[in-house]
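Visitor: Next comes my_file04.pdb, PDB, C-alpha atoms:
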```
ATOM      1  CA  MET A   1       3.374 -12.423 -25.371
ATOM      2  CA  LEU A   2       4.109 -11.166 -21.871
ATOM      3  CA  PRO A   3       1.591  -8.857 -20.185
ATOM      4  CA  SER A   4       2.593  -5.198 -20.352
ATOM      5  CA  SER A   5       1.650  -2.081 -18.419
ATOM      6  CA  ILE A   6      -0.550   0.933 -19.077
ATOM      7  CA  GLN A   7       0.454   4.063 -17.172
ATOM      8  CA  ILE A   8      -1.288   7.404 -17.723
ATOM      9  CA  SER A   9      -1.162  10.206 -15.184
ATOM     10  CA  GLY A  10      -3.272  13.309 -14.654
ATOM     11  CA  GLU A  11      -4.909  13.569 -18.073
ATOM     12  CA  PRO A  12      -8.416  13.173 -19.503
ATOM     13  CA  LEU A  13      -9.006   9.802 -21.116
ATOM     14  CA  SER A  14     -10.554   9.729 -24.564
ATOM     15  CA  GLY A  15     -13.109   7.162 -25.628
ATOM     16  CA  ALA A  16     -10.506   5.495 -27.851
ATOM     17  CA  GLU A  17      -8.062   5.170 -24.955
ATOM     18  CA  VAL A  18     -10.756   3.649 -22.756
ATOM     19  CA  ARG A  19     -11.547   1.123 -25.498
ATOM     20  CA  ASP A  20      -7.847   0.205 -25.778
ATOM     21  CA  ILE A  21      -7.593  -0.251 -22.017
ATOM     22  CA  CYS A  22     -10.677  -2.464 -21.925
ATOM     23  CA  ARG A  23      -9.434  -4.527 -24.844
ATOM     24  CA  GLY A  24      -6.080  -5.060 -23.140
ATOM     25  CA  LEU A  25      -7.764  -6.165 -19.917
ATOM     26  CA  ARG A  26     -10.121  -8.545 -21.700
ATOM     27  CA  ASP A  27      -7.220 -10.020 -23.679
ATOM     28  CA  ASN A  28      -5.225 -10.464 -20.443
ATOM     29  CA  ALA A  29      -2.463  -8.337 -21.912
ATOM     30  CA  VAL A  30      -2.075  -5.963 -18.943
ATOM     31  CA  ARG A  31      -0.184  -6.648 -15.729
ATOM     32  CA  LEU A  32      -0.181  -3.074 -14.380
ATOM     33  CA  LEU A  33      -2.893  -0.478 -14.923
ATOM     34  CA  SER A  34      -2.171   3.000 -13.554
ATOM     35  CA  LEU A  35      -4.687   5.791 -14.194
ATOM     36  CA  ARG A  36      -3.358   8.039 -11.441
ATOM     37  CA  GLY A  37      -5.292  11.313 -11.375
ATOM     38  CA  CYS A  38      -6.926  10.704 -14.750
ATOM     39  CA  ARG A  39     -10.286  12.224 -15.649
ATOM     40  CA  LEU A  40     -12.998  10.124 -17.266
ATOM     41  CA  CYS A  41     -16.770  10.044 -17.302
ATOM     42  CA  ASP A  42     -18.809   7.660 -15.164
ATOM     43  CA  ARG A  43     -19.758   5.577 -18.181
ATOM     44  CA  ASP A  44     -16.126   4.977 -19.125
ATOM     45  CA  PHE A  45     -15.194   4.211 -15.517
ATOM     46  CA  GLY A  46     -17.905   1.563 -15.492
ATOM     47  CA  ARG A  47     -16.580   0.060 -18.731
ATOM     48  CA  ILE A  48     -13.098  -0.252 -17.257
ATOM     49  CA  CYS A  49     -14.476  -1.845 -14.083
ATOM     50  CA  ARG A  50     -16.395  -4.443 -16.064
ATOM     51  CA  ALA A  51     -13.280  -5.270 -18.066
ATOM     52  CA  LEU A  52     -10.994  -5.603 -15.050
ATOM     53  CA  ALA A  53     -13.511  -7.875 -13.316
ATOM     54  CA  GLY A  54     -12.578 -10.733 -15.622
ATOM     55  CA  ALA A  55      -8.923  -9.846 -16.155
ATOM     56  CA  THR A  56      -6.609 -12.648 -15.040
ATOM     57  CA  SER A  57      -3.249 -11.014 -15.762
ATOM     58  CA  LEU A  58      -3.773  -7.739 -13.857
ATOM     59  CA  ALA A  59      -1.574  -7.645 -10.736
ATOM     60  CA  GLN A  60      -1.489  -3.946  -9.826
ATOM     61  CA  LEU A  61      -4.243  -1.350 -10.120
ATOM     62  CA  ASN A  62      -3.499   2.321  -9.397
ATOM     63  CA  LEU A  63      -6.525   4.627  -9.172
ATOM     64  CA  ASN A  64      -4.830   7.223  -6.958
ATOM     65  CA  LEU A  65      -5.760  10.878  -6.740
ATOM     66  CA  GLY A  66      -9.503  11.056  -7.106
ATOM     67  CA  VAL A  67     -10.319   8.585  -9.874
ATOM     68  CA  VAL A  68     -12.756   6.804  -7.525
ATOM     69  CA  SER A  69     -14.619  10.019  -6.801
ATOM     70  CA  SER A  70     -18.218   9.092  -5.972
ATOM     71  CA  PRO A  71     -20.325   6.429  -4.216
ATOM     72  CA  SER A  72     -21.424   5.036  -7.582
ATOM     73  CA  ARG A  73     -17.815   4.518  -8.644
ATOM     74  CA  ILE A  74     -17.013   2.868  -5.308
ATOM     75  CA  LYS A  75     -19.867   0.423  -5.910
ATOM     76  CA  GLN A  76     -18.666  -0.316  -9.456
ATOM     77  CA  LEU A  77     -15.122  -0.979  -8.219
ATOM     78  CA  ALA A  78     -16.428  -3.205  -5.433
ATOM     79  CA  GLU A  79     -18.452  -5.215  -7.940
ATOM     80  CA  ALA A  80     -15.359  -5.668 -10.125
ATOM     81  CA  LEU A  81     -13.224  -6.761  -7.156
ATOM     82  CA  ARG A  82     -15.813  -9.360  -6.173
ATOM     83  CA  THR A  83     -15.215 -11.104  -9.499
ATOM     84  CA  ASN A  84     -11.520 -10.384 -10.094
ATOM     85  CA  ARG A  85      -9.038 -12.947  -8.761
ATOM     86  CA  SER A  86      -5.672 -11.550  -9.865
ATOM     87  CA  ILE A  87      -5.153  -8.067  -8.368
ATOM     88  CA  GLN A  88      -2.419  -8.157  -5.749
ATOM     89  CA  SER A  89      -1.873  -4.418  -5.167
ATOM     90  CA  LEU A  90      -4.632  -1.799  -5.076
ATOM     91  CA  PHE A  91      -3.872   1.936  -4.794
ATOM     92  CA  LEU A  92      -6.659   4.366  -3.897
ATOM     93  CA  HIS A  93      -4.537   7.134  -2.342
ATOM     94  CA  GLY A  94      -6.276  10.512  -2.407
ATOM     95  CA  SER A  95      -9.774   9.123  -3.034
ATOM     96  CA  PRO A  96     -12.687  10.622  -1.029
ATOM     97  CA  LEU A  97     -13.836   7.230   0.224
ATOM     98  CA  THR A  98     -14.814   8.117   3.818
ATOM     99  CA  ASP A  99     -15.847   5.378   6.234
ATOM    100  CA  ALA A 100     -19.070   4.805   4.306
ATOM    101  CA  GLY A 101     -17.227   4.195   1.045
ATOM    102  CA  LEU A 102     -14.796   1.758   2.622
ATOM    103  CA  ALA A 103     -17.777  -0.097   4.082
ATOM    104  CA  LEU A 104     -18.997  -0.616   0.506
ATOM    105  CA  LEU A 105     -15.584  -1.856  -0.618
ATOM    106  CA  ASN A 106     -14.725  -3.950   2.404
ATOM    107  CA  PRO A 107     -16.617  -7.185   1.622
ATOM    108  CA  ALA A 108     -14.852  -7.432  -1.749
ATOM    109  CA  LEU A 109     -11.467  -6.601  -0.193
ATOM    110  CA  ALA A 110     -11.906  -9.125   2.596
ATOM    111  CA  LEU A 111     -12.812 -11.964   0.220
ATOM    112  CA  HIS A 112     -10.277 -11.200  -2.513
ATOM    113  CA  PRO A 113      -7.927 -14.206  -2.757
ATOM    114  CA  ALA A 114      -4.825 -12.385  -4.050
ATOM    115  CA  LEU A 115      -4.787  -8.894  -2.515
ATOM    116  CA  VAL A 116      -1.652  -8.280  -0.427
ATOM    117  CA  ALA A 117      -0.998  -4.511  -0.734
ATOM    118  CA  LEU A 118      -3.531  -1.725  -0.132
ATOM    119  CA  ASP A 119      -3.038   2.058  -0.198
ATOM    120  CA  LEU A 120      -5.807   4.005   1.548
ATOM    121  CA  GLY A 121      -3.772   7.127   2.231
ATOM    122  CA  ASP A 122      -5.618  10.463   2.290
ATOM    123  CA  CYS A 123      -9.006   8.775   1.905
ATOM    124  CA  MET A 124     -10.848  10.733   4.627
ATOM    125  CA  LEU A 125     -11.081   7.698   6.897
ATOM    126  CA  GLY A 126     -12.040   7.532  10.569
ATOM    127  CA  ASP A 127     -12.321   4.977  13.352
ATOM    128  CA  GLU A 128     -15.117   3.008  11.683
ATOM    129  CA  ALA A 129     -12.808   2.402   8.727
ATOM    130  CA  ILE A 130     -10.070   1.182  11.077
ATOM    131  CA  ASN A 131     -12.451  -1.444  12.433
ATOM    132  CA  LEU A 132     -12.896  -2.739   8.881
ATOM    133  CA  ILE A 133      -9.190  -2.554   8.050
ATOM    134  CA  CYS A 134      -8.297  -4.613  11.110
ATOM    135  CA  GLY A 135     -10.322  -7.421   9.573
ATOM    136  CA  LEU A 136      -7.884  -7.387   6.643
ATOM    137  CA  LEU A 137      -5.025  -8.142   9.074
ATOM    138  CA  PRO A 138      -6.083 -11.561  10.399
ATOM    139  CA  PRO A 139      -4.308 -13.036  13.449
ATOM    140  CA  ASP A 140      -1.900 -15.958  13.426
ATOM    141  CA  GLY A 141      -3.401 -19.138  12.054
ATOM    142  CA  ALA A 142      -6.163 -17.333  10.179
ATOM    143  CA  LYS A 143      -6.441 -16.772   6.448
ATOM    144  CA  SER A 144      -3.756 -14.836   4.645
ATOM    145  CA  GLY A 145      -4.148 -11.058   4.745
ATOM    146  CA  LEU A 146      -2.466  -7.803   3.760
ATOM    147  CA  LYS A 147       1.318  -7.639   3.755
ATOM    148  CA  GLU A 148       1.509  -3.925   3.010
ATOM    149  CA  LEU A 149      -0.879  -1.250   4.292
ATOM    150  CA  THR A 150      -0.753   2.518   3.745
ATOM    151  CA  LEU A 151      -2.936   4.828   5.842
ATOM    152  CA  SER A 152      -1.051   8.091   5.372
ATOM    153  CA  ALA A 153      -2.790  11.435   5.971
ATOM    154  CA  ASN A 154      -6.061  10.287   7.525
ATOM    155  CA  PRO A 155      -6.347  12.786  10.401
ATOM    156  CA  GLY A 156      -9.923  11.728  11.214
ATOM    157  CA  ILE A 157      -8.641   8.563  12.903
ATOM    158  CA  THR A 158      -8.495   9.042  16.685
ATOM    159  CA  PRO A 159      -6.082   7.477  19.215
ATOM    160  CA  LYS A 160      -8.779   4.885  19.915
ATOM    161  CA  GLY A 161      -8.686   3.828  16.255
ATOM    162  CA  TRP A 162      -4.898   3.724  16.161
ATOM    163  CA  SER A 163      -4.814   1.601  19.329
ATOM    164  CA  ARG A 164      -7.116  -0.921  17.673
ATOM    165  CA  LEU A 165      -4.851  -1.018  14.625
ATOM    166  CA  ALA A 166      -1.776  -1.499  16.831
ATOM    167  CA  ILE A 167      -3.383  -4.559  18.418
ATOM    168  CA  ALA A 168      -4.229  -5.997  14.987
ATOM    169  CA  VAL A 169      -0.656  -5.419  13.749
ATOM    170  CA  ALA A 170       0.791  -7.053  16.869
ATOM    171  CA  HIS A 171      -1.203 -10.225  16.190
ATOM    172  CA  SER A 172      -1.023 -10.246  12.395
ATOM    173  CA  SER A 173       1.032 -13.040  10.878
ATOM    174  CA  GLN A 174       1.374 -11.261   7.539
ATOM    175  CA  VAL A 175       1.905  -7.479   7.562
ATOM    176  CA  ARG A 176       5.411  -6.389   6.579
ATOM    177  CA  VAL A 177       5.003  -2.709   5.692
ATOM    178  CA  LEU A 178       2.927  -0.134   7.575
ATOM    179  CA  ASN A 179       2.857   3.482   6.374
ATOM    180  CA  LEU A 180       1.226   5.907   8.820
ATOM    181  CA  ASP A 181       3.030   9.096   7.813
ATOM    182  CA  TYR A 182       1.399  12.524   8.143
ATOM    183  CA  ASN A 183      -1.158  11.503  10.732
ATOM    184  CA  PRO A 184      -1.312  13.377  14.081
ATOM    185  CA  LEU A 185      -0.297  10.339  16.126
ATOM    186  CA  GLY A 186       1.729  11.893  18.940
ATOM    187  CA  ASP A 187       3.864  10.155  21.549
ATOM    188  CA  HIS A 188       1.044   8.145  23.143
ATOM    189  CA  VAL A 189       0.109   6.355  19.915
ATOM    190  CA  ALA A 190       3.798   5.894  19.053
ATOM    191  CA  GLY A 191       4.239   4.045  22.359
ATOM    192  CA  MET A 192       1.428   1.660  21.421
ATOM    193  CA  LEU A 193       3.004   1.115  18.015
ATOM    194  CA  ALA A 194       6.339   0.310  19.655
ATOM    195  CA  VAL A 195       4.626  -2.495  21.576
ATOM    196  CA  ALA A 196       3.049  -3.724  18.333
ATOM    197  CA  VAL A 197       6.415  -3.743  16.557
ATOM    198  CA  ALA A 198       8.030  -5.633  19.429
ATOM    199  CA  SER A 199       5.250  -8.234  19.234
ATOM    200  CA  SER A 200       5.191  -8.608  15.448
ATOM    201  CA  ARG A 201       7.337 -11.279  13.819
ATOM    202  CA  THR A 202       6.886  -9.891  10.319
ATOM    203  CA  LEU A 203       6.809  -6.062  10.324
ATOM    204  CA  GLU A 204       9.871  -4.807   8.444
ATOM    205  CA  VAL A 205       9.010  -1.200   7.515
ATOM    206  CA  LEU A 206       7.249   1.420   9.661
ATOM    207  CA  ASP A 207       6.820   4.966   8.327
ATOM    208  CA  LEU A 208       6.088   7.579  11.003
ATOM    209  CA  GLU A 209       7.209  10.653   9.083
ATOM    210  CA  GLY A 210       5.485  13.855  10.154
ATOM    211  CA  THR A 211       3.373  12.271  12.905
ATOM    212  CA  GLY A 212       4.002  14.719  15.757
ATOM    213  CA  LEU A 213       6.564  12.650  17.645
ATOM    214  CA  THR A 214       9.115  13.981  20.120
ATOM    215  CA  ASN A 215      12.238  12.647  21.808
ATOM    216  CA  GLN A 216       9.971  10.897  24.319
ATOM    217  CA  SER A 217       8.582   8.446  21.766
ATOM    218  CA  ALA A 218      11.946   8.231  19.997
ATOM    219  CA  GLN A 219      13.525   7.039  23.255
ATOM    220  CA  THR A 220      10.823   4.382  23.568
ATOM    221  CA  LEU A 221      11.479   3.241  20.003
ATOM    222  CA  LEU A 222      15.233   3.242  20.653
ATOM    223  CA  ASP A 223      14.774   1.043  23.714
ATOM    224  CA  MET A 224      12.598  -1.305  21.678
ATOM    225  CA  VAL A 225      15.123  -1.610  18.848
ATOM    226  CA  GLU A 226      18.036  -1.963  21.257
ATOM    227  CA  ASN A 227      16.589  -4.548  23.621
ATOM    228  CA  TYR A 228      14.060  -6.612  21.699
ATOM    229  CA  PRO A 229      14.786  -8.630  18.557
ATOM    230  CA  THR A 230      12.306  -7.722  15.840
ATOM    231  CA  ALA A 231      11.956  -8.066  12.078
ATOM    232  CA  LEU A 232      12.074  -4.265  11.707
ATOM    233  CA  ARG A 233      14.540  -3.004   9.086
ATOM    234  CA  SER A 234      13.344   0.521   8.364
ATOM    235  CA  LEU A 235      11.835   3.133  10.707
ATOM    236  CA  VAL A 236      11.122   6.536   9.131
ATOM    237  CA  LEU A 237      11.078   9.401  11.666
ATOM    238  CA  ALA A 238      11.713  12.466   9.485
ATOM    239  CA  GLU A 239       9.707  15.676   9.990
ATOM    240  CA  ASN A 240       9.283  15.067  13.725
ATOM    241  CA  SER A 241      10.627  16.934  16.767
ATOM    242  CA  ILE A 242      13.263  14.266  17.346
ATOM    243  CA  SER A 243      16.934  15.029  17.796
ATOM    244  CA  PRO A 244      19.275  13.958  14.994
ATOM    245  CA  GLU A 245      21.315  12.026  17.554
ATOM    246  CA  LEU A 246      18.387   9.815  18.559
ATOM    247  CA  GLN A 247      17.411   9.245  14.938
ATOM    248  CA  GLN A 248      20.977   8.242  14.115
ATOM    249  CA  GLN A 249      21.162   5.844  17.041
ATOM    250  CA  ILE A 250      17.995   4.082  15.906
ATOM    251  CA  CYS A 251      19.245   3.968  12.313
ATOM    252  CA  ASP A 252      22.588   2.511  13.380
ATOM    253  CA  LEU A 253      20.948  -0.219  15.440
ATOM    254  CA  LEU A 254      18.634  -1.204  12.583
ATOM    255  CA  SER A 255      21.595  -1.264  10.202
ATOM    256  CA  GLU A 256      23.526  -3.519  12.557
ATOM    257  CA  GLY A 257      20.634  -5.942  12.675
ATOM    258  CA  GLU A 258      20.403  -6.052   8.898
ATOM    259  CA  GLU A 259      24.138  -6.658   8.572
ATOM    260  CA  GLU A 260      23.909  -9.548  11.032
ATOM    261  CA  GLU A 261      21.111 -11.095   8.961
ATOM    262  CA  GLU A 262      23.209 -10.790   5.814
ATOM    263  CA  VAL A 263      26.112 -12.584   7.489
ATOM    264  CA  ALA A 264      23.835 -15.329   8.803
ATOM    265  CA  GLY A 265      21.715 -15.844   5.733
ATOM    266  CA  GLY A 266      23.855 -14.626   2.881
ATOM    267  CA  PRO A 267      23.332 -11.589   0.666
ATOM    268  CA  GLY A 268      20.539 -13.267  -1.249
ATOM    269  CA  ASP A 269      18.268 -13.189   1.795
ATOM    270  CA  THR A 270      17.942  -9.417   1.941
ATOM    271  CA  GLN A 271      16.281  -6.964  -0.429
ATOM    272  CA  GLU A 272      16.486  -3.217  -0.599
ATOM    273  CA  ARG A 273      13.303  -1.529   0.601
ATOM    274  CA  GLU A 274      12.464   1.635  -1.298
ATOM    275  CA  ARG A 275       9.488   3.936  -0.742
ATOM    276  CA  ALA A 276       7.462   4.439  -3.915
ATOM    277  CA  ARG A 277       3.874   4.419  -2.746
ATOM    278  CA  GLU A 278       2.511   7.584  -4.336
ATOM    279  CA  PRO A 279       5.183   8.128  -6.978
ATOM    280  CA  ALA A 280       5.914  11.219  -9.013
ATOM    281  CA  ALA A 281       3.585  11.712 -11.938
ATOM    282  CA  HIS A 282       4.202   9.386 -14.849
ATOM    283  CA  GLN A 283       4.292  11.322 -18.063
ATOM    284  CA  ARG A 284       2.217  10.110 -20.967
ATOM    285  CA  SER A 285       4.460   8.838 -23.703
ATOM    286  CA  SER A 286       3.644   8.820 -27.403
ATOM    287  CA  SER A 287       1.737   5.635 -26.640
ATOM    288  CA  SER A 288      -0.077   4.909 -23.402
ATOM    289  CA  TRP A 289       1.108   1.305 -23.652
ATOM    290  CA  THR A 290       4.437   0.130 -22.288
ATOM    291  CA  GLY A 291       4.953  -2.836 -24.542
ATOM    292  CA  PRO A 292       6.624  -6.106 -23.552
ATOM    293  CA  SER A 293       9.682  -5.239 -25.625
ATOM    294  CA  ASP A 294      10.324  -2.348 -23.234
ATOM    295  CA  PRO A 295      12.400  -3.532 -20.233
ATOM    296  CA  SER A 296      10.253  -1.354 -17.973
ATOM    297  CA  SER A 297       7.289  -3.590 -18.725
ATOM    298  CA  GLN A 298       8.722  -6.006 -16.194
ATOM    299  CA  MET A 299       8.988  -3.300 -13.524
ATOM    300  CA  VAL A 300       5.715  -3.034 -11.656
ATOM    301  CA  LEU A 301       7.099  -1.577  -8.432
ATOM    302  CA  MET A 302       4.431   0.779  -7.150
ATOM    303  CA  THR A 303       4.441  -0.592  -3.620
ATOM    304  CA  SER A 304       6.952   0.468  -1.031
ATOM    305  CA  GLY A 305       9.661  -1.932  -2.039
ATOM    306  CA  LEU A 306       7.974  -5.259  -1.387
ATOM    307  CA  GLY A 307       6.247  -5.325  -4.760
ATOM    308  CA  ASP A 308       8.517  -7.826  -6.465
ATOM    309  CA  SER A 309       8.648 -10.208  -3.521
ATOM    310  CA  LEU A 310       4.914 -10.027  -2.902
ATOM    311  CA  LEU A 311       4.089 -10.641  -6.541
ATOM    312  CA  ALA A 312       6.564 -13.503  -6.704
ATOM    313  CA  GLU A 313       5.119 -15.140  -3.598
ATOM    314  CA  THR A 314       1.581 -14.917  -4.927
ATOM    315  CA  GLU A 315       2.552 -16.301  -8.315
ATOM    316  CA  MET A 316       4.458 -19.268  -6.874
TER     317      MET A 316
END
```
Just give me the structure of the file as structure tokens.
Guide:
Amino acid sequence: MLPSSIQISGEPLSGAEVRDICRGLRDNAVRLLSLRGCRLCDRDFGRICRALAGATSLAQLNLNLGVVSSPSRIKQLAEALRTNRSIQSLFLHGSPLTDAGLALLNPALALHPALVALDLGDCMLGDEAINLICGLLPPDGAKSGLKELTLSANPGITPKGWSRLAIAVAHSSQVRVLNLDYNPLGDHVAGMLAVAVASSRTLEVLDLEGTGLTNQSAQTLLDMVENYPTALRSLVLAENSISPELQQQICDLLSEGEEEEEVAGGPGDTQERERAREPAAHQRSSSSWTGPSDPSSQMVLMTSGLGDSLLAETEM
């Protein structure tokens, strides 16, 4: 029997549902567990953490929107991650972690053998957290690290923190997707990121939506795309003070590069990149289980489009 998925969004979890979830994890019958915005008591959260610690089939864990809501829950999750060996994508978007909470999680994240995608958007992070996150993006020749990182809506991070992240991205041999949308970056930080993109051999998607950019940084990014060969395929610049003409020029150049790759490598070498990091609320069905007979049980795309390829690479 193939592992299935459990997806419940924004509802209180009953004791019976928690028992079913734990049973599925212990039986290695769950590949995706999404409890986005769900409400449960500390005791039940601890039960789920203990069950996922030993789960070997679980590939994606979504605890977005406040499920990890206290230091005690952060510690319980960290303890589970220290034992778990299967989780490849972890979503904590909208959790009040703060720098102190990430410091509790970081040792487990850094040592996890399978983790490749991490969403820490809107987690009240600052520069101290960035120092820890950079350790999850090891330089060339080091151990494998994150391939997808989301840091959306963390306004407490200063330009100093973003500059440190840009250096880490420039030297990372792994990261493919970087989502920094809705942070007050400004043109200065965007210039540093342009240098990082030009240096990176792997970064394919950069989301800078709503980051306070102007035509000045857009011109820098245009020059980078036009004059320096990079792996970049998608650059999101919506909700900035950038002229439509400049945005279109950048889009056209990126499209040309992708078309050239398709001609050189064949259509099988490219994959469509879709943004689905913090998806619309999943409605609870008559059963919280999506069984293996349901075709959607094979669809575990909660990352920004690299989910299938990342999972496939880890499973190979």
Visitor: Decode the PyMOL selection byres ((chain A and resi 198-209) around 8) for the given file into explicit residues and return them as a JSON list (two decimals) with C-alpha atoms, in the coordinates of the input.
Guide:
```
[["chain", "number", "residue", "atom", "x", "y", "z"],
["A", 169, "VAL", "CA", -0.66, -5.42, 13.75],
["A", 170, "ALA", "CA", 0.79, -7.05, 16.87],
["A", 171, "HIS", "CA", -1.20, -10.22, 16.19],
["A", 172, "SER", "CA", -1.02, -10.25, 12.40],
["A", 173, "SER", "CA", 1.03, -13.04, 10.88],
["A", 174, "GLN", "CA", 1.37, -11.26, 7.54],
["A", 175, "VAL", "CA", 1.90, -7.48, 7.56],
["A", 176, "ARG", "CA", 5.41, -6.39, 6.58],
["A", 177, "VAL", "CA", 5.00, -2.71, 5.69],
["A", 178, "LEU", "CA", 2.93, -0.13, 7.58],
["A", 179, "ASN", "CA", 2.86, 3.48, 6.37],
["A", 180, "LEU", "CA", 1.23, 5.91, 8.82],
["A", 181, "ASP", "CA", 3.03, 9.10, 7.81],
["A", 182, "TYR", "CA", 1.40, 12.52, 8.14],
["A", 194, "ALA", "CA", 6.34, 0.31, 19.66],
["A", 195, "VAL", "CA", 4.63, -2.50, 21.58],
["A", 196, "ALA", "CA", 3.05, -3.72, 18.33],
["A", 197, "VAL", "CA", 6.42, -3.74, 16.56],
["A", 210, "GLY", "CA", 5.48, 13.86, 10.15],
["A", 211, "THR", "CA", 3.37, 12.27, 12.90],
["A", 224, "MET", "CA", 12.60, -1.30, 21.68],
["A", 228, "TYR", "CA", 14.06, -6.61, 21.70],
["A", 229, "PRO", "CA", 14.79, -8.63, 18.56],
["A", 230, "THR", "CA", 12.31, -7.72, 15.84],
["A", 231, "ALA", "CA", 11.96, -8.07, 12.08],
["A", 232, "LEU", "CA", 12.07, -4.26, 11.71],
["A", 233, "ARG", "CA", 14.54, -3.00, 9.09],
["A", 234, "SER", "CA", 13.34, 0.52, 8.36],
["A", 235, "LEU", "CA", 11.84, 3.13, 10.71],
["A", 236, "VAL", "CA", 11.12, 6.54, 9.13],
["A", 237, "LEU", "CA", 11.08, 9.40, 11.67],
["A", 238, "ALA", "CA", 11.71, 12.47, 9.48],
["A", 239, "GLU", "CA", 9.71, 15.68, 9.99],
["A", 240, "ASN", "CA", 9.28, 15.07, 13.72]]
```
Visitor: Apply the PyMOL selection byres ((chain A and resi 187) around 9) to the file shown and report the selected residues as a list of chain:residue names.
Guide: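 Applying the PyMOL selection byres ((chain A and resi 187) around 9) to the structure shown produces A:Leu185, A:Gly186, A:His188, A:Val189, A:Ala190, A:Gly191, A:Met192, A:Thr211, A:Gly212, A:Leu213, A:Thr214, A:Asn215, A:Gln216, A:Ser217, A:Ala218.
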Visitor: Any idea what the distance is between atom CA of Cys41 of chain A and atom CA of Leu125 of chain A?
Guide: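 Calculated distance between atom CA of Cys41 of chain A and atom CA of Leu125 of chain A is 25.0 Å.
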Visitor: Just the residues within 10 Å of Leu105 of chain A, please, counting only C-alpha atoms, with nothing from its chain fewer than 2 positions along; format it as a compact mmCIF listing (two decimals) with C-alpha atoms, in the coordinates of the input.
Guide:
```
# COMPACT_ATOMS: atom_id res chain seq x y z
CA ILE A 74 -17.01 2.87 -5.31
CA LYS A 75 -19.87 0.42 -5.91
CA GLN A 76 -18.67 -0.32 -9.46
CA LEU A 77 -15.12 -0.98 -8.22
CA ALA A 78 -16.43 -3.20 -5.43
CA GLU A 79 -18.45 -5.22 -7.94
CA LEU A 81 -13.22 -6.76 -7.16
CA ARG A 82 -15.81 -9.36 -6.17
CA LEU A 97 -13.84 7.23 0.22
CA ASP A 99 -15.85 5.38 6.23
CA ALA A 100 -19.07 4.80 4.31
CA GLY A 101 -17.23 4.20 1.04
CA LEU A 102 -14.80 1.76 2.62
CA ALA A 103 -17.78 -0.10 4.08
CA PRO A 107 -16.62 -7.18 1.62
CA ALA A 108 -14.85 -7.43 -1.75
CA LEU A 109 -11.47 -6.60 -0.19
CA ALA A 110 -11.91 -9.12 2.60
CA LEU A 132 -12.90 -2.74 8.88
```
Visitor: Applied to this file, what does the PyMOL selection byres ((chain A and resi 3) around 6) return in terms of residues, put as a list of chain:residue names?
Guide: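 Answer for the PyMOL selection byres ((chain A and resi 3) around 6): A:Leu2, A:Ser4, A:Ala29, A:Val30, A:Arg31.
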Visitor: Quote the spacing between atom CA of Gln60 of chain A and atom CA of Met124 of chain A in Å to one decimal place.
Guide: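 Separation of atom CA of Gln60 of chain A and atom CA of Met124 of chain A: 22.6 Å.
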Visitor: Which of these, A:Leu115, A:Gly54, A:Asn154, A:Cys134, has the shortest distance to Ser95 of chain A once you count only C-alpha atoms?
Guide: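 Closest candidate: A:Asn154.
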Visitor: Go through A:Leu32, A:Leu149, A:Leu61, A:Val68 and flag the residue nearest Leu90 of chain A, using all atoms listed in the file for the distances.
Guide: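 Result for the nearest residue to Leu90 of chain A: A:Leu61.
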Visitor: Quick one: pull the distance between atom CA of Val116 of chain A and atom CA of Ile87 of chain A, Å, one decimal.
Guide: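 Answer for the atom CA of Val116 of chain A to atom CA of Ile87 of chain A separation: 8.7 Å.
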Visitor: From the list A:Ser86, A:Ser9, A:Ser14, A:Thr98, which residue is nearest Leu65 of chain A when using all atoms listed in the file?
Guide: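 Smallest distance to Leu65 of chain A is found for A:Ser9.
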Visitor: Could you pull the residues within 8 Å of Arg73 of chain A, counting all atoms listed in the file, minus those fewer than 6 positions along the same chain, as a PDB file with C-alpha atoms, in the coordinates of the input?
Guide:
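New file part-v9.pdb:
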```pdb
ATOM      1  CA  ASP A  42     -18.809   7.660 -15.164  1.00  0.00           C
ATOM      2  CA  PHE A  45     -15.194   4.211 -15.517  1.00  0.00           C
ATOM      3  CA  GLY A  46     -17.905   1.563 -15.492  1.00  0.00           C
TER       4      GLY A  46
END
```
Visitor: Between A:Val225, A:Asn106, A:Pro113, A:Asp127, which is the closest to Asp252 of chain A once you count only C-alpha atoms?
Guide: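 Looking only at the distances to Asp252 of chain A, the closest residue turns out to be A:Val225.
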Visitor: Compare A:Cys251, A:Leu246, A:Ile48, A:Ile6 by their minimum atom-to-atom distance to Ala80 of chain A, counting only C-alpha atoms, and give me the closest one.
Guide: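 Counting only C-alpha atoms, the residue closest to Ala80 of chain A is A:Ile48.
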Visitor: Check the smallest atom-to-atom distance from each of A:Leu63, A:Leu33, A:Ile250, A:Ala166 to Leu221 of chain A using only C-alpha atoms, then report the winner.
Guide: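 Result for the nearest residue to Leu221 of chain A: A:Ile250.
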Visitor: Please return the centre and edge lengths, in Å to one decimal, of a box with edges along x, y and z that contains all listed atoms of segment 45-64 of chain A, widened by 3 Å on every side, as lines of an AutoDock Vina configuration file.
Guide:
```
center_x = -9.7
center_y = -2.7
center_z = -12.8
size_x = 22.4
size_y = 25.9
size_z = 17.8
```
